[in-house]
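The block underneath contains the structure these notes are about, expressed in structure tokens.
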Amino acid sequence: MNTALLALLRNDLRLFFSDRRAVIITILVPVAIASFFGAILSGGGGGQPQGKLTLLVSDSDHSPLSTEIVANLKKDPALSVSEAPPPEAARDAVKSGKTPVALFLPPGLGAQATQAMFAGPNAPRPRVSLVYDPSDAAEYQMARGLVMQQVLQVVSRRAFSADSAATVDQTLAALQANRDMAPDERAALTDLLGGVKRYYGRPGAEGAGGAGGGPSIGMPVDFADEASATGEKDAARAATVGHAFAGMAIQGVLFFAIDAAMGILRDRRNGLWKRLRAAPLSRPTLLGAKLAGTALIALLILGIVFGAGALLFRIRITGSPLGFALLCLCTALMVSAFGLLIAALGRTEQQSRGYAIPAVLGMSLLGGAWFPAFLMPAWIQPVSKAMPSRWAADGFDAMLWRGFGLPAALVPCAVLLGFAAVFAAFAFARFHWEAE
Amino acid sequence: MLELQRLTKRYGARTAVSDFSLSLKRGERLGLLGPNGAGKTTVISILVGALRADSGTVLLDNKPLTGDTNPLKRRLGYVPQEIALYEDLSAADNLRLFGALYGLKGPALERRIADELETVGLADRAKGPVRAFSGGMKRRLNIAAALLHEPELLILDEPTVGVDPQSRNAIFDKIEQLAAAGVTLLYTTHYMEEVERLCRRIAIMDGGKLLAEGTQAELRALLPSRASRLRVEVAPSSIECVNDDALAALRALPGVTEATAEGGLLTVSLDDIGARTLTVLRTLGERGIAYASLASERPNLEEVFLHLTGRSLRDV
């Protein structure tokens, strides 16, 4: 690296650190906003998600009961249900953030669920699983409630329908044969099932359960919750906080890019640019030094914001540390090139700030820096993918709490570098080199 | 040493510099004098490579001074009109950057920084942030930043704008030291006193064009041969008679090119002091203006500019 480039780079770092108050604000603002988002959203309750909740269902049972559960879920106005036959496909869709919750109906559910209602507390129950994206606890909690409601309703209705009389007989026989159960408990359940049998035997009882469901006795199934992210006890919290810090770190460095651009325009106004142009320096040296200086500071900001997240909220890199580091580097390069572009497009500080601030806010919002992008309406998704911030946020999510390996970081890194190259090329082409 | 050949620069319909040519010999001190907006800074910006001319050539020792990384640029030192310093950095850190841009490094750079800070009287403020400096101190540092690499040709673009008289004298002393050391100087200003003091040769420009150039004597020779100024110290008893009407009456006299009053001092510019003085004194007498003393003065560059453009340097 040549002396002039190093000198310019060192100078940019000196300038950044010379204003301690600005340094503190630059770093503290994203940490404070991320902490705020993390604190209010990681409580688990959250708010009601906007619009319909997307639920992926994998039905491995295909019994009338499981089919009815799926059909009822599809009728629920709060849900948008789609089916994914292979359970692996459903699991991958949640892990990669394409859908927030997946429901797994196991084989034998229809046969076992109604019996399990009356089989006592220690009897084995079919296991209905919900795999969820821990970045949105509110969506998951809502989905869980709706699924439980539908499963209990359908199983109860079937248990108390005339068709289930045989099941009650079988259960009564099994109860009498069960020597492990306490006598008083067995007597109570026998009385109860006797009552149910009389209920089925009453005149006009045909199809009684079909009208609106009867009383349920107990949980017919076990609900198993599983967060898609690996290695975290409190995955929902980790995801929420991790996403908040990633989002605010990205927004923070994008705002820093505006500051860097303003610095270049200020140099132009103060005659410094003319002095630099009078020196025997190539254009790539001048812009390269600015690019490298801004990228280094952006990298530092990312490091401090994520470091603060690790200290204050225990966010961890559950995926590839190398992938995370590469993402930081590529994000820093992207924002640095974005800063150059801002400086190149505007002739004055006011002019550039006028469009740079809305651009950064738009990128932050549409890119999922404020909340996960999959929560946005479907029509915004393609727009969101056109934002470099979206790729950075998705990459950080994958490395921080989704637990993906290095390959998952490579595509976002490549896209970010692509954005950096396009921004830098435009900046170089449009830069106002002349100074009077 | 330096040749500017037929430089032209346009901004849309406006021509900032038109067919401007100028040459400068090694060791010479050339003042480029003109009012604000005359095109001086545009010429300088083209010369240092910050601006591209639409046409024309800049030659340094007969070699074209083109290209961002042209090694010839190392032989130029440039002091911009603005205080082109990083205010948040210390004086030494600013010089460290500008020295490094010209290839200086290590102990040699540190030595040059110490030397330059010493010569501009800022050695004791080396570590202080520029933001805390006075205007004069900043101007001196602005000059020091252009001298670190010991240029052969120093280009100063209005280096004393907004400077107090003490700092102005310090800057003049520094420039005179440099000139004595053999540094070639190109100095732009709109203060005629500065070029009269500092420069042997003067180029006058206005409206983007070179109007005249030469030594002070050569430029004065452009005026009518007997042109001069009459300074009249008005007697205290008749100062109240010196009013706008009186000045208008003087200006209306044949051969009077300008008449101004400041306190009790009347200054009348004449095209022929021998032929016109009596008429001026008679007019003063008719208006009841008695005088305590009379003196004549050689014309200065202000008169030359007025003669060439029909306007005063200060009026533009």
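For the structure tokens, the naming scheme is as follows: chains receive sequential letters (A, B, ...) according to their order of presentation, residues are indexed from 1 within each chain, and ligands are indexed from 1 in presentation order.
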
How close does each residue of chain B get to chain A, giving the shortest atom pair and distance in Å to one decimal for every residue with an atom at most 9 Å away, counting only C-alpha atoms, sorted by chain and residue number, as CSV?
```
residue,atom,partner,partner_atom,distance
B:Thr41,CA,A:Glu436,CA,7.0
B:Thr42,CA,A:Glu436,CA,6.0
B:Ile44,CA,A:Glu436,CA,8.7
B:Ser45,CA,A:Glu436,CA,5.7
B:Ile46,CA,A:Glu436,CA,8.3
B:Leu47,CA,A:Ala278,CA,8.9
B:Val48,CA,A:Ala278,CA,5.1
B:Gly49,CA,A:Ala278,CA,5.5
B:Ala50,CA,A:Arg277,CA,5.2
B:Leu51,CA,A:Glu434,CA,4.9
B:Arg52,CA,A:Glu434,CA,7.1
B:Gly67,CA,A:Pro280,CA,8.6
B:Asp68,CA,A:Ser282,CA,5.4
B:Thr69,CA,A:Pro280,CA,4.3
B:Asn70,CA,A:Pro280,CA,6.1
B:Pro71,CA,A:Pro280,CA,6.6
B:Leu72,CA,A:Pro280,CA,8.3
B:Lys73,CA,A:Pro280,CA,5.7
B:Arg74,CA,A:Pro280,CA,6.6
B:Leu76,CA,A:Ala278,CA,8.6
B:Gly77,CA,A:Ala278,CA,8.5
B:Tyr78,CA,A:Arg275,CA,7.2
B:Val79,CA,A:Arg275,CA,7.8
B:Pro80,CA,A:Gly271,CA,6.7
B:Gln81,CA,A:Gly271,CA,7.6
B:Glu82,CA,A:Gly271,CA,5.5
B:Ile83,CA,A:Asn270,CA,6.8
B:Ala84,CA,A:Leu272,CA,4.6
B:Leu85,CA,A:Leu272,CA,6.5
B:Tyr86,CA,A:Leu15,CA,7.9
B:Asp88,CA,A:Ser18,CA,6.1
B:Leu89,CA,A:Leu15,CA,6.6
B:Asp93,CA,A:Asn11,CA,8.0
B:Asn94,CA,A:Asn11,CA,8.4
B:Arg96,CA,A:Ala7,CA,8.0
B:Leu97,CA,A:Ala7,CA,5.7
B:Phe98,CA,A:Leu276,CA,8.3
B:Ala100,CA,A:Ala4,CA,5.6
B:Leu101,CA,A:Ala4,CA,4.7
B:Tyr102,CA,A:Ala279,CA,6.6
B:Gly103,CA,A:Thr3,CA,6.6
B:Leu104,CA,A:Thr3,CA,8.3
B:Lys105,CA,A:Thr3,CA,7.8
B:Ala146,CA,A:Arg275,CA,9.0
```

Practice task
Fewer than 5 positions away in the same chain doesn't count, so skip those; otherwise give me all residues within 10 Å of B:Ala180, counting only C-alpha atoms, as a ChimeraX atom specification.
Solution key: /B:27,174-175

Give me a file of those residues, with N, CA and C atoms, as an mmCIF file, in the first residue's frame.
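Once written, part.cif looks like this:
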```cif
data_model
loop_
_atom_site.group_PDB
_atom_site.id
_atom_site.type_symbol
_atom_site.label_atom_id
_atom_site.label_comp_id
_atom_site.auth_asym_id
_atom_site.auth_seq_id
_atom_site.Cartn_x
_atom_site.Cartn_y
_atom_site.Cartn_z
ATOM 1 N N GLY B 27 12.453 31.872 -10.058
ATOM 2 C CA GLY B 27 12.857 32.866 -9.058
ATOM 3 C C GLY B 27 12.046 34.148 -9.108
ATOM 4 N N LYS B 174 7.137 35.850 5.734
ATOM 5 C CA LYS B 174 7.416 34.467 5.331
ATOM 6 C C LYS B 174 7.585 34.387 3.809
ATOM 7 N N ILE B 175 6.710 35.086 3.091
ATOM 8 C CA ILE B 175 6.773 35.038 1.623
ATOM 9 C C ILE B 175 8.071 35.681 1.139
#
```

Exercise for the section: Find the residues near A:Ala111: any atom within 10 Å, counting only C-alpha atoms, skip ones fewer than 3 places away on the same chain, and give them as an MDAnalysis selection string. Expected result: chainID A and resid 61 63:66 107:108 114:116 126 167

Exercise for the section: Assign secondary structure with DSSP using the backbone only, and return the residues of stretch 124-240 of chain B in alpha helix (DSSP H) as number ranges by chain. Expected result: B: 135-147, 165-180, 192-198, 216-220

Problem - Among listed residues A:Ala421, A:Ala308, A:Met148, A:Leu13, nearest A:Leu340 (using only C-alpha atoms) - result: A:Ala421

Handout entry: Backbone-only DSSP, strand (DSSP E or B) members of stretch 21-185 of chain B, as a count of residues only
Key = 30

Problem - Residue contacts of stretch 82-93 of chain A (7 Å, only C-alpha atoms) excluding same-chain residues fewer than 5 positions away, as JSON, numbers by chain - result: {"A": [55, 56, 57, 58, 59, 98, 99, 102, 131]}

Exercise for the section: Identify, on the basis of only C-alpha atoms, every residue whose closest approach to A:Ser80 does not exceed 8 Å; exclude the query and any residue fewer than 5 positions from it along the same chain; express the result as an MDAnalysis selection string. Expected result: chainID A and resid 52:55 74

Exercise for the section: Grab the atom CA of A:Lys95 to atom CA of A:Asp397 distance for me, in Å with one decimal place. Expected result: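 Straight-line distance from atom CA of A:Lys95 to atom CA of A:Asp397 works out to 10.6 Å.
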
Handout entry: Residue among A:Asp133, A:Asp222, A:Asp259, A:Asp76 lying closest to A:Ile357, counting only C-alpha atoms
Key =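 Checking each of A:Asp133, A:Asp222, A:Asp259, A:Asp76 against A:Ile357, counting only C-alpha atoms, the winner is A:Asp259.
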
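You can rank A:Pro220, A:Ala359, A:Pro377, A:Met334 by their closest distance to A:Val415 using only C-alpha atoms, and at the top of that list sits A:Met334.
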